[in-house]
$ cat work_2.txt   # compact mmCIF, C-alpha atoms
# COMPACT_ATOMS: atom_id res chain seq x y z
CA MET V 1 -2.87 11.41 5.98
CA THR V 2 -4.26 10.85 2.48
CA ILE V 3 -1.97 9.31 -0.15
CA SER V 4 -3.05 10.68 -3.53
CA ALA V 5 -0.71 8.43 -5.57
CA PRO V 6 -0.50 5.04 -3.81
CA ARG V 7 1.84 3.46 -6.36
CA ASP V 8 4.31 6.33 -6.19
CA PHE V 9 4.27 5.98 -2.40
CA LEU V 10 4.88 2.21 -2.58
CA LYS V 11 7.67 2.71 -5.12
CA SER V 12 9.33 5.25 -2.82
CA LEU V 13 9.36 2.65 -0.05
CA PHE V 14 10.97 0.11 -2.39
CA ASP V 15 13.60 2.67 -3.38
CA ALA V 16 14.35 3.38 0.28
CA ALA V 17 14.76 -0.34 0.94
CA VAL V 18 17.19 -0.71 -1.96
CA ARG V 19 19.21 2.34 -0.89
CA ALA V 20 19.58 0.87 2.59
CA ALA V 21 21.05 -2.26 1.01
CA ASP V 22 23.71 -0.29 -0.89
CA PRO V 23 26.83 -2.42 -0.43
CA LEU V 24 29.11 0.62 -0.22
CA THR V 25 27.88 1.48 3.28
CA GLY V 26 28.54 -2.00 4.62
CA ILE V 27 31.86 -2.39 2.84
CA LYS V 28 33.14 0.86 4.35
CA ALA V 29 32.22 -0.37 7.82
CA HIS V 30 33.99 -3.74 7.44
CA LEU V 31 37.18 -3.04 5.50
CA PRO V 32 39.94 -5.43 6.61
CA ASP V 33 43.49 -4.27 7.28
CA ARG V 34 45.88 -4.32 4.35
CA PRO V 35 48.02 -7.48 4.25
CA LYS V 36 51.77 -7.88 3.86
CA GLY V 37 51.19 -9.53 0.51
CA ARG V 38 48.62 -9.25 -2.26
CA THR V 39 44.94 -8.34 -1.93
CA VAL V 40 42.84 -10.53 -4.22
CA VAL V 41 39.12 -10.04 -4.72
CA ILE V 42 36.74 -12.85 -5.63
CA GLY V 43 32.96 -12.92 -5.62
CA ALA V 44 29.68 -14.08 -7.06
CA GLY V 45 26.09 -12.91 -7.15
CA LYS V 46 23.67 -10.62 -8.89
CA GLY V 47 25.14 -7.60 -7.10
CA ALA V 48 28.78 -8.72 -7.15
CA ALA V 49 29.91 -6.24 -9.83
CA GLN V 50 28.50 -3.28 -7.89
CA MET V 51 30.11 -4.62 -4.72
CA ALA V 52 33.45 -4.79 -6.55
CA ARG V 53 33.10 -1.20 -7.77
CA ALA V 54 32.21 -0.06 -4.24
CA LEU V 55 35.27 -1.82 -2.80
CA GLU V 56 37.53 -0.19 -5.38
CA SER V 57 36.22 3.23 -4.40
CA VAL V 58 37.29 2.88 -0.75
CA TRP V 59 40.29 0.52 -0.77
CA ASP V 60 43.65 2.19 -0.17
CA GLY V 61 46.03 -0.04 -2.06
CA ALA V 62 46.40 -2.40 -4.98
CA LEU V 63 43.58 -4.79 -5.86
CA GLU V 64 43.27 -7.66 -8.32
CA GLY V 65 40.83 -10.46 -8.92
CA LEU V 66 37.50 -11.28 -10.51
CA VAL V 67 33.81 -11.64 -9.69
CA VAL V 68 30.95 -13.28 -11.60
CA THR V 69 27.50 -11.78 -12.00
CA ARG V 70 24.34 -12.29 -14.05
CA TYR V 71 24.22 -11.35 -17.72
CA GLY V 72 23.38 -7.65 -17.97
CA TYR V 73 24.38 -6.93 -14.35
CA GLY V 74 28.00 -5.94 -14.96
CA CYS V 75 29.42 -2.46 -14.47
CA GLU V 76 32.65 -0.58 -15.05
CA THR V 77 35.47 -1.40 -12.63
CA ARG V 78 39.10 -0.32 -12.50
CA ASP V 79 41.09 -3.38 -11.42
CA ILE V 80 38.63 -6.19 -10.69
CA GLU V 81 37.53 -8.24 -13.69
CA ILE V 82 33.78 -8.73 -14.16
CA ILE V 83 32.55 -11.98 -15.70
CA GLU V 84 28.91 -12.48 -16.68
CA ALA V 85 27.13 -15.83 -16.68
CA ALA V 86 23.61 -17.29 -16.62
CA HIS V 87 21.10 -17.12 -13.77
CA PRO V 88 18.90 -18.80 -12.53
CA VAL V 89 19.99 -21.78 -14.68
CA PRO V 90 23.79 -22.21 -14.93
CA ASP V 91 25.77 -22.20 -18.17
CA ALA V 92 29.28 -22.83 -19.51
CA ALA V 93 30.38 -19.26 -18.72
CA GLY V 94 29.59 -19.85 -15.04
CA LEU V 95 31.46 -23.16 -15.12
CA ALA V 96 34.54 -21.43 -16.52
CA ALA V 97 34.23 -18.63 -13.96
CA ALA V 98 34.08 -21.11 -11.07
CA LYS V 99 37.27 -22.78 -12.30
CA ARG V 100 39.01 -19.40 -12.58
CA LEU V 101 37.98 -18.41 -9.05
CA MET V 102 39.44 -21.63 -7.66
CA ALA V 103 42.65 -21.12 -9.64
CA THR V 104 42.90 -17.51 -8.46
CA VAL V 105 42.96 -18.39 -4.75
CA ASN V 106 44.85 -21.66 -5.03
CA GLY V 107 48.36 -20.25 -5.33
CA LEU V 108 48.16 -17.55 -2.64
CA SER V 109 50.30 -17.46 0.50
CA GLU V 110 49.59 -16.86 4.18
CA ASP V 111 50.69 -13.24 3.72
CA ASP V 112 47.94 -12.59 1.16
CA LEU V 113 44.36 -11.45 1.72
CA VAL V 114 41.27 -12.63 -0.13
CA ILE V 115 38.20 -10.37 0.02
CA ALA V 116 35.16 -12.38 -0.99
CA LEU V 117 32.13 -10.39 -2.20
CA ILE V 118 29.13 -12.70 -1.91
CA CYS V 119 25.44 -12.07 -2.56
CA GLY V 120 22.29 -13.79 -3.77
CA GLY V 121 22.41 -15.56 -7.12
CA GLY V 122 25.89 -16.94 -6.56
CA SER V 123 24.67 -20.54 -6.38
CA ALA V 124 23.59 -20.62 -10.02
CA LEU V 125 26.51 -18.46 -11.17
CA LEU V 126 29.11 -20.90 -9.79
CA PRO V 127 28.35 -24.33 -11.25
CA ALA V 128 31.13 -26.75 -10.29
CA PRO V 129 29.89 -30.34 -10.50
CA PRO V 130 31.96 -33.03 -8.78
CA PRO V 131 33.70 -35.83 -10.72
CA GLY V 132 31.19 -38.05 -12.47
CA LEU V 133 28.66 -35.24 -13.04
CA ARG V 134 28.47 -32.78 -15.94
CA LEU V 135 27.28 -29.21 -16.32
CA GLU V 136 24.08 -30.64 -17.78
CA ASP V 137 23.48 -32.49 -14.50
CA GLU V 138 23.88 -29.28 -12.49
CA ILE V 139 21.51 -27.48 -14.87
CA ALA V 140 18.92 -30.23 -14.38
CA LEU V 141 19.44 -30.05 -10.60
CA ASN V 142 18.81 -26.29 -10.57
CA GLU V 143 15.69 -26.63 -12.68
CA MET V 144 14.34 -29.32 -10.35
CA LEU V 145 15.09 -27.28 -7.24
CA LEU V 146 13.47 -24.15 -8.67
CA ALA V 147 10.32 -26.09 -9.52
CA SER V 148 10.18 -28.06 -6.25
CA GLY V 149 8.81 -25.41 -3.90
CA ALA V 150 11.68 -26.04 -1.46
CA PRO V 151 12.87 -23.06 0.61
CA ILE V 152 16.16 -21.48 -0.45
CA SER V 153 18.01 -22.85 2.58
CA ALA V 154 17.03 -26.42 1.63
CA MET V 155 17.96 -25.85 -2.02
CA ASN V 156 21.39 -24.66 -0.98
CA VAL V 157 22.04 -27.67 1.26
CA VAL V 158 21.60 -29.90 -1.80
CA ARG V 159 23.63 -27.61 -4.04
CA LYS V 160 26.62 -27.39 -1.71
CA HIS V 161 26.92 -31.16 -1.42
CA LEU V 162 26.91 -31.56 -5.20
CA SER V 163 29.66 -29.02 -5.80
CA THR V 164 33.42 -28.60 -5.67
CA ILE V 165 33.25 -24.87 -4.85
CA LYS V 166 30.28 -24.33 -2.52
CA GLY V 167 29.99 -25.22 1.16
CA GLY V 168 33.19 -23.39 2.12
CA ARG V 169 35.30 -25.21 -0.45
CA LEU V 170 36.42 -22.02 -2.25
CA ALA V 171 37.85 -20.59 0.98
CA ALA V 172 39.34 -23.94 1.98
CA ALA V 173 41.34 -23.98 -1.27
CA THR V 174 43.65 -21.14 -0.23
CA ARG V 175 46.33 -20.51 2.38
CA ALA V 176 45.47 -16.81 2.39
CA ARG V 177 43.28 -15.15 4.98
CA VAL V 178 39.70 -14.80 3.69
CA VAL V 179 37.32 -12.00 4.69
CA SER V 180 33.82 -12.48 3.28
CA LEU V 181 31.55 -9.44 2.88
CA ILE V 182 28.02 -10.71 2.35
CA VAL V 183 24.77 -9.15 1.21
CA SER V 184 22.17 -11.54 2.61
CA ASP V 185 19.12 -12.64 0.62
CA ILE V 186 18.44 -15.50 3.04
CA PRO V 187 15.65 -15.44 5.64
CA GLY V 188 17.43 -15.42 8.99
CA ASP V 189 20.70 -14.15 7.44
CA ASN V 190 22.70 -17.37 7.84
CA PRO V 191 25.91 -16.40 5.99
CA ALA V 192 26.63 -20.00 5.02
CA HIS V 193 23.40 -20.17 3.02
CA VAL V 194 24.00 -17.07 0.88
CA ALA V 195 25.07 -18.30 -2.58
CA SER V 196 25.43 -21.76 -0.97
CA GLY V 197 28.36 -20.46 1.08
CA PRO V 198 31.40 -20.75 -1.22
CA THR V 199 33.56 -19.15 1.49
CA VAL V 200 31.55 -19.92 4.65
CA PRO V 201 31.01 -23.53 5.80
CA ASP V 202 28.00 -24.75 7.76
CA GLY V 203 27.04 -27.81 9.73
CA SER V 204 24.76 -29.48 7.18
CA THR V 205 25.71 -32.93 5.91
CA ARG V 206 25.24 -35.03 2.81
CA HIS V 207 22.64 -36.98 4.79
CA ASP V 208 20.67 -33.73 5.21
CA ALA V 209 20.89 -33.27 1.43
CA LEU V 210 19.61 -36.79 0.82
CA GLU V 211 16.67 -36.17 3.15
CA ILE V 212 15.74 -33.01 1.22
CA VAL V 213 15.94 -34.98 -2.04
CA ARG V 214 13.56 -37.55 -0.55
CA GLN V 215 11.20 -35.00 0.99
CA TYR V 216 10.70 -33.06 -2.23
CA GLY V 217 10.75 -36.06 -4.56
CA LEU V 218 13.71 -34.81 -6.60
CA GLN V 219 14.54 -37.17 -9.45
CA LEU V 220 18.31 -36.76 -9.42
CA PRO V 221 20.59 -38.51 -11.90
CA GLN V 222 22.03 -41.75 -10.53
CA ALA V 223 25.52 -40.23 -10.54
CA ALA V 224 24.30 -37.45 -8.25
CA LEU V 225 22.69 -39.92 -5.85
CA ASP V 226 25.85 -42.03 -5.85
CA HIS V 227 27.88 -38.95 -4.99
CA LEU V 228 25.57 -37.94 -2.11
CA ASN V 229 25.85 -41.46 -0.73
CA SER V 230 29.65 -41.22 -0.76
CA PRO V 231 31.94 -39.50 1.78
CA ARG V 232 33.29 -37.52 -1.21
CA ALA V 233 30.21 -35.29 -0.84
CA ASP V 234 31.13 -34.21 2.69
CA ALA V 235 31.82 -30.47 2.87
CA PRO V 236 34.41 -28.91 5.21
CA ARG V 237 33.08 -28.44 8.73
CA PRO V 238 32.95 -25.02 10.44
CA GLY V 239 35.53 -26.14 13.01
CA ASP V 240 38.10 -27.12 10.40
CA PRO V 241 41.44 -25.37 11.16
CA VAL V 242 41.60 -24.18 7.53
CA PHE V 243 39.01 -21.53 8.47
CA SER V 244 40.71 -20.38 11.70
CA ARG V 245 41.94 -17.03 10.30
CA HIS V 246 38.85 -16.33 8.22
CA GLU V 247 35.99 -13.99 9.07
CA HIS V 248 32.69 -12.97 7.54
CA HIS V 249 30.31 -10.02 7.87
CA ILE V 250 26.70 -9.50 6.79
CA ILE V 251 26.90 -5.99 5.31
CA ALA V 252 23.28 -5.65 4.14
CA SER V 253 20.06 -7.53 4.88
CA ALA V 254 16.30 -7.49 4.49
CA GLY V 255 15.78 -6.36 8.07
CA VAL V 256 17.76 -3.15 7.59
CA SER V 257 15.95 -2.46 4.32
CA LEU V 258 12.49 -2.89 5.83
CA GLU V 259 13.41 -0.54 8.68
CA ALA V 260 14.45 2.08 6.11
CA ALA V 261 11.13 1.73 4.27
CA ALA V 262 9.27 1.97 7.58
CA ALA V 263 11.12 5.15 8.51
CA LEU V 264 10.19 6.77 5.21
CA ALA V 265 6.53 5.80 5.59
CA ARG V 266 6.45 7.23 9.11
CA SER V 267 7.99 10.48 7.90
CA GLN V 268 5.09 10.81 5.45
CA GLY V 269 2.44 10.29 8.10
CA ILE V 270 1.71 6.62 7.42
CA GLU V 271 2.32 4.24 10.30
CA PRO V 272 4.29 1.14 9.19
CA ALA V 273 3.90 -2.40 10.49
CA ILE V 274 6.72 -4.84 9.78
CA LEU V 275 5.42 -8.41 9.89
CA SER V 276 8.79 -10.15 9.37
CA ASP V 277 11.94 -10.03 7.25
CA ALA V 278 12.13 -13.84 7.07
CA ILE V 279 8.83 -15.05 5.60
CA GLU V 280 9.02 -18.28 3.63
CA GLY V 281 6.45 -20.63 2.12
CA GLU V 282 4.45 -21.06 -1.06
CA SER V 283 4.03 -17.61 -2.56
CA ARG V 284 0.28 -17.88 -3.18
CA ASP V 285 -0.29 -19.12 0.38
CA VAL V 286 1.74 -16.28 1.87
CA ALA V 287 -0.35 -13.91 -0.26
CA LEU V 288 -3.60 -15.25 1.24
CA VAL V 289 -2.33 -14.56 4.77
CA HIS V 290 -1.33 -11.01 3.82
CA ALA V 291 -4.68 -10.50 2.10
CA ALA V 292 -6.58 -11.68 5.18
CA ILE V 293 -4.70 -9.19 7.36
CA ALA V 294 -5.31 -6.39 4.85
CA ARG V 295 -9.05 -7.12 4.72
CA GLU V 296 -9.23 -7.21 8.52
CA VAL V 297 -7.56 -3.82 8.76
CA SER V 298 -9.75 -2.42 6.00
CA SER V 299 -13.06 -3.59 7.47
CA ARG V 300 -12.41 -3.70 11.24
CA ASN V 301 -9.35 -1.51 11.84
CA ARG V 302 -7.48 -4.34 13.49
CA PRO V 303 -4.82 -5.56 14.19
CA PHE V 304 -3.54 -2.21 12.84
CA SER V 305 -5.34 1.10 12.45
CA LYS V 306 -5.76 2.77 9.06
CA PRO V 307 -3.92 4.29 7.36
CA VAL V 308 -1.11 1.75 7.61
CA VAL V 309 1.47 0.18 5.34
CA ILE V 310 2.24 -3.47 6.06
CA LEU V 311 5.81 -4.46 5.20
CA SER V 312 7.40 -7.90 4.92
CA GLY V 313 10.41 -9.63 3.40
CA GLY V 314 12.00 -13.03 3.10
CA GLU V 315 11.91 -15.45 0.20
CA THR V 316 8.77 -17.26 -0.86
CA THR V 317 8.76 -20.16 -3.30
CA VAL V 318 6.70 -21.24 -6.30
CA THR V 319 5.90 -24.86 -7.04
CA LEU V 320 5.52 -25.02 -10.82
CA ARG V 321 2.16 -26.48 -11.76
CA ALA V 322 2.38 -25.94 -15.52
CA LYS V 323 4.95 -25.45 -18.27
CA GLY V 324 5.26 -22.29 -20.30
CA GLY V 325 4.14 -19.79 -17.68
CA LYS V 326 6.03 -16.55 -17.15
CA GLY V 327 6.61 -14.84 -13.84
CA GLY V 328 8.41 -15.09 -10.52
CA ARG V 329 7.42 -15.48 -6.91
CA ASN V 330 6.55 -11.79 -6.42
CA GLY V 331 4.27 -11.70 -9.44
CA GLU V 332 2.62 -14.88 -8.16
CA PHE V 333 2.16 -13.24 -4.75
CA ALA V 334 0.60 -10.12 -6.31
CA LEU V 335 -1.77 -12.15 -8.49
CA ALA V 336 -2.89 -14.41 -5.64
CA MET V 337 -3.46 -11.39 -3.42
CA ALA V 338 -5.36 -9.58 -6.18
CA LEU V 339 -7.79 -12.49 -6.37
CA ASP V 340 -8.32 -12.41 -2.62
CA ILE V 341 -8.90 -8.64 -2.35
CA ASP V 342 -11.03 -8.42 -5.49
CA GLY V 343 -13.47 -5.52 -5.18
CA GLN V 344 -11.91 -4.15 -1.97
CA GLU V 345 -11.27 -0.44 -2.16
CA GLY V 346 -8.32 1.28 -0.51
CA ILE V 347 -5.86 -1.63 -0.62
CA ASP V 348 -2.75 -1.22 -2.78
CA VAL V 349 0.03 -3.80 -3.09
CA LEU V 350 3.61 -3.89 -4.35
CA ALA V 351 5.55 -7.15 -4.36
CA ALA V 352 9.04 -7.04 -5.87
CA ASP V 353 12.51 -8.53 -5.72
CA THR V 354 15.13 -6.07 -4.49
CA ASP V 355 17.60 -7.15 -7.18
CA GLY V 356 15.24 -5.87 -9.88
CA ILE V 357 14.44 -9.24 -11.46
CA ASP V 358 11.52 -11.44 -10.43
CA GLY V 359 12.25 -14.91 -11.72
CA SER V 360 13.64 -14.88 -15.25
CA GLU V 361 11.70 -11.99 -16.82
CA ASP V 362 12.58 -8.28 -17.00
CA ASN V 363 10.38 -7.00 -14.17
CA ALA V 364 11.09 -6.66 -10.45
CA GLY V 365 7.52 -7.61 -9.54
CA ALA V 366 4.03 -6.19 -9.86
CA PHE V 367 1.41 -3.87 -8.41
CA ALA V 368 -2.05 -5.12 -7.41
CA ASP V 369 -5.20 -3.66 -5.89
CA GLY V 370 -8.91 -4.36 -5.54
CA GLY V 371 -9.42 -3.58 -9.24
CA SER V 372 -6.73 -5.90 -10.64
CA VAL V 373 -9.06 -8.81 -11.33
CA LYS V 374 -11.49 -6.54 -13.16
CA ARG V 375 -8.65 -5.18 -15.34
CA LEU V 376 -7.44 -8.68 -16.15
CA ARG V 377 -10.90 -9.80 -17.22
CA ALA V 378 -11.34 -6.64 -19.29
CA ALA V 379 -8.14 -7.66 -21.11
CA GLY V 380 -9.73 -11.00 -21.94
CA LEU V 381 -7.76 -12.96 -19.34
CA ASP V 382 -8.86 -15.39 -16.64
CA PRO V 383 -6.91 -14.47 -13.47
CA ARG V 384 -7.49 -17.87 -11.86
CA ARG V 385 -6.17 -19.63 -14.95
CA LEU V 386 -3.14 -17.33 -14.98
CA LEU V 387 -2.38 -18.25 -11.36
CA ASP V 388 -2.88 -21.96 -11.99
CA GLY V 389 -0.48 -21.70 -14.92
CA ASN V 390 2.20 -19.75 -12.99
CA ASN V 391 1.68 -17.03 -15.60
CA SER V 392 1.45 -13.83 -13.56
CA TYR V 393 3.85 -11.92 -15.83
CA SER V 394 1.58 -12.25 -18.85
CA GLY V 395 -1.39 -11.00 -16.89
CA PHE V 396 0.27 -7.97 -15.34
CA ALA V 397 1.97 -7.12 -18.64
CA ALA V 398 -1.45 -6.98 -20.32
CA THR V 399 -2.85 -4.59 -17.68
CA GLY V 400 0.22 -2.37 -17.33
CA ASP V 401 0.78 -3.40 -13.72
CA LEU V 402 4.35 -4.72 -13.96
CA PHE V 403 6.91 -3.04 -11.74
CA GLU V 404 10.15 -2.54 -13.66
CA THR V 405 13.37 -1.13 -12.19
CA GLY V 406 16.27 -2.75 -14.02
CA PRO V 407 19.23 -4.17 -12.05
CA THR V 408 19.50 -2.47 -8.64
CA GLY V 409 23.02 -3.57 -7.72
CA THR V 410 21.98 -5.33 -4.54
CA ASN V 411 19.84 -8.25 -3.42
CA VAL V 412 18.14 -8.64 -0.04
CA ASN V 413 15.29 -10.64 -1.50
CA ASP V 414 11.53 -10.04 -1.47
CA PHE V 415 10.02 -6.68 -0.62
CA ARG V 416 6.27 -6.48 0.00
CA ALA V 417 4.37 -3.32 0.89
CA ILE V 418 0.58 -3.23 1.36
CA LEU V 419 -1.03 0.16 1.86
CA ILE V 420 -4.46 0.20 3.48
CA ARG V 421 -6.09 3.63 3.25
$ encode --input "work_2.txt" --output "structure tokens"
Amino acid sequence: MTISAPRDFLKSLFDAAVRAADPLTGIKAHLPDRPKGRTVVIGAGKGAAQMARALESVWDGALEGLVVTRYGYGCETRDIEIIEAAHPVPDAAGLAAAKRLMATVNGLSEDDLVIALICGGGSALLPAPPPGLRLEDEIALNEMLLASGAPISAMNVVRKHLSTIKGGRLAAATRARVVSLIVSDIPGDNPAHVASGPTVPDGSTRHDALEIVRQYGLQLPQAALDHLNSPRADAPRPGDPVFSRHEHHIIASAGVSLEAAAALARSQGIEPAILSDAIEGESRDVALVHAAIAREVSSRNRPFSKPVVILSGGETTVTLRAKGGKGGRNGEFALAMALDIDGQEGIDVLAADTDGIDGSEDNAGAFADGGSVKRLRAAGLDPRRLLDGNNSYSGFAATGDLFETGPTGTNVNDFRAILIR
């Protein structure tokens, strides 16, 4: 089959992936029974407001509570309060929201039910530094982690041991039963790693956090190091009796979204090939592997036959090499791949974040193809210098190749689609 508008085709696959991650479907399938007492909703993440609205639409009974989301990601709700705060770097609004969430669950009884709506972005939206550390220390920690190139799972091990709300501590603070409904943005879908697991504990220790600090050369404040070296940093363990009545459910994930995109491609006569929904690593390096596969298909019709669309997900990382650059991991992927497929005809790429925001700018990601480098140079830009400066946004903005969606209301992380015609 011939695709006359490759970018429209790739965008349709992205849209299918996002629809499959609609939290309403998963919430309907995992509604808990109504309790004898109150039903209180808490939550955090870039899609938390939309999750709250979805829950309100299907819950048969009274609801109360609050969730925190990123600035600009709120929506109208009936009973659940929406608070907006900063992401990816925390701020005072997030600090206040974290305190309110803890206070909300603290006075509940065993007859009450807490429904926790958790999705990606919750780590930054719930700053709660332990005694001896300030909000400024948590901000510095987040900036260091984001620049370190560490995978999200490693970042969250450090975060949860320098927090009074993460690592299951929010759920441990209440006598009520807690049911966590989770939209996973974590490769492998470990529920305890999503948003650093405010309601789901895991088996990591403060010693694991210290090893990650050492491995990535993080220059933490002395107060943070002192805390990690103290038993005060120990998070509740999964076997703690406080969690005995709790449960959690992954209600949306990258794997389901990629399958939905694959089904749409197949229905349009293009065979899909899903590489993985859990790809991690340096974004530019992951791009080189994808580019090598695309070139092999294009020139030798292996390991897949043309036409084919190669799909993958997960969460890559970017190690910052310069200050002042604009762009996220998907833009960096697209730019690195553009350099490696320069001059190749019939290869079209979309790399985007399913939440609609790649990094801290206003785009979800970017398109690239064999002509991207030529367009960048025609705009007076050096694509290699842009990549070295972590400045993919500026390049793709100049050539009109940004992919912009606005907030999608969900977050199952990276979506990459490579069409080889």
$ atom_distance --input "work_2.txt" --atom1 "atom CA of Arg245 of chain V" --atom2 "atom CA of Ala97 of chain V"
25.5 Å
$ closest_residue --input "work_2.txt" --among "V:Gly197, V:Gly314, V:Gly365, V:Gly65" --to "Ile80 of chain V" --atoms "all atoms listed in the file"
V:Gly65
$ residues_around --input "work_2.txt" --residues "Val200 of chain V" --least-positions-apart "6" --cutoff "8 Å" --atoms "all atoms listed in the file" --output "list in words"
Gly167, Gly168, Ala171, Ser180, Pro191, Ala192, Pro238 and His248 of chain V
$ closest_residue --input "work_2.txt" --among "V:Gln50, V:Thr174, V:Ser298, V:Ser276" --to "Thr69 of chain V" --atoms "all atoms listed in the file"
V:Gln50
$ residues_around --input "work_2.txt" --residues "Ile139 of chain V" --least-positions-apart "2" --cutoff "6 Å" --atoms "only C-alpha atoms" --output "ChimeraX atom specification"
/V:89-90,136-137,141-142
$ closest_atom_pairs --input "work_2.txt" --of "segment 366-413 of chain V" --to "segment 105-123 of chain V" --cutoff "9 Å" --atoms "only C-alpha atoms" --output "Markdown table"
| residue | atom | partner | partner_atom | distance |
| --- | --- | --- | --- | --- |
| V:Thr410 | CA | V:Cys119 | CA | 7.8 |
| V:Asn411 | CA | V:Gly120 | CA | 6.1 |
| V:Val412 | CA | V:Gly120 | CA | 7.6 |
| V:Asn413 | CA | V:Gly120 | CA | 8.0 |
$ atom_distance --input "work_2.txt" --atom1 "atom CA of His290 of chain V" --atom2 "atom CA of Ala254 of chain V"
18.0 Å
$ decode --input "work_2.txt" --residues "segment 178-191 of chain V" --atoms "N, CA and C atoms" --output "PDB file, in the first residue's frame"
ATOM      1  N   VAL V 178      -6.758   1.508  50.727  1.00  0.00           N
ATOM      2  CA  VAL V 178      -6.287   2.298  49.589  1.00  0.00           C
ATOM      3  C   VAL V 178      -6.298   1.431  48.335  1.00  0.00           C
ATOM      4  N   VAL V 179      -6.965   1.918  47.303  1.00  0.00           N
ATOM      5  CA  VAL V 179      -6.955   1.267  45.988  1.00  0.00           C
ATOM      6  C   VAL V 179      -6.306   2.247  45.017  1.00  0.00           C
ATOM      7  N   SER V 180      -5.173   1.871  44.474  1.00  0.00           N
ATOM      8  CA  SER V 180      -4.424   2.733  43.558  1.00  0.00           C
ATOM      9  C   SER V 180      -4.706   2.332  42.125  1.00  0.00           C
ATOM     10  N   LEU V 181      -5.154   3.295  41.305  1.00  0.00           N
ATOM     11  CA  LEU V 181      -5.382   3.097  39.879  1.00  0.00           C
ATOM     12  C   LEU V 181      -4.287   3.862  39.153  1.00  0.00           C
ATOM     13  N   ILE V 182      -3.466   3.141  38.389  1.00  0.00           N
ATOM     14  CA  ILE V 182      -2.198   3.694  37.922  1.00  0.00           C
ATOM     15  C   ILE V 182      -2.093   3.648  36.402  1.00  0.00           C
ATOM     16  N   VAL V 183      -1.770   4.785  35.820  1.00  0.00           N
ATOM     17  CA  VAL V 183      -1.403   4.849  34.405  1.00  0.00           C
ATOM     18  C   VAL V 183       0.123   4.822  34.359  1.00  0.00           C
ATOM     19  N   SER V 184       0.678   3.758  33.801  1.00  0.00           N
ATOM     20  CA  SER V 184       2.120   3.537  33.875  1.00  0.00           C
ATOM     21  C   SER V 184       2.881   4.241  32.754  1.00  0.00           C
ATOM     22  N   ASP V 185       3.887   5.006  33.149  1.00  0.00           N
ATOM     23  CA  ASP V 185       4.836   5.585  32.187  1.00  0.00           C
ATOM     24  C   ASP V 185       6.223   4.993  32.408  1.00  0.00           C
ATOM     25  N   ILE V 186       6.285   3.849  33.056  1.00  0.00           N
ATOM     26  CA  ILE V 186       7.555   3.241  33.456  1.00  0.00           C
ATOM     27  C   ILE V 186       7.822   1.995  32.608  1.00  0.00           C
ATOM     28  N   PRO V 187       8.986   1.914  31.965  1.00  0.00           N
ATOM     29  CA  PRO V 187       9.320   0.675  31.248  1.00  0.00           C
ATOM     30  C   PRO V 187       9.245  -0.528  32.188  1.00  0.00           C
ATOM     31  N   GLY V 188       8.469  -1.530  31.789  1.00  0.00           N
ATOM     32  CA  GLY V 188       8.273  -2.692  32.634  1.00  0.00           C
ATOM     33  C   GLY V 188       7.059  -2.612  33.533  1.00  0.00           C
ATOM     34  N   ASP V 189       6.467  -1.419  33.653  1.00  0.00           N
ATOM     35  CA  ASP V 189       5.201  -1.212  34.385  1.00  0.00           C
ATOM     36  C   ASP V 189       5.267  -1.601  35.857  1.00  0.00           C
ATOM     37  N   ASN V 190       6.395  -1.359  36.517  1.00  0.00           N
ATOM     38  CA  ASN V 190       6.459  -1.576  37.962  1.00  0.00           C
ATOM     39  C   ASN V 190       5.642  -0.475  38.641  1.00  0.00           C
ATOM     40  N   PRO V 191       4.520  -0.819  39.297  1.00  0.00           N
ATOM     41  CA  PRO V 191       3.651   0.217  39.852  1.00  0.00           C
ATOM     42  C   PRO V 191       4.316   1.060  40.927  1.00  0.00           C
TER      43      PRO V 191
END
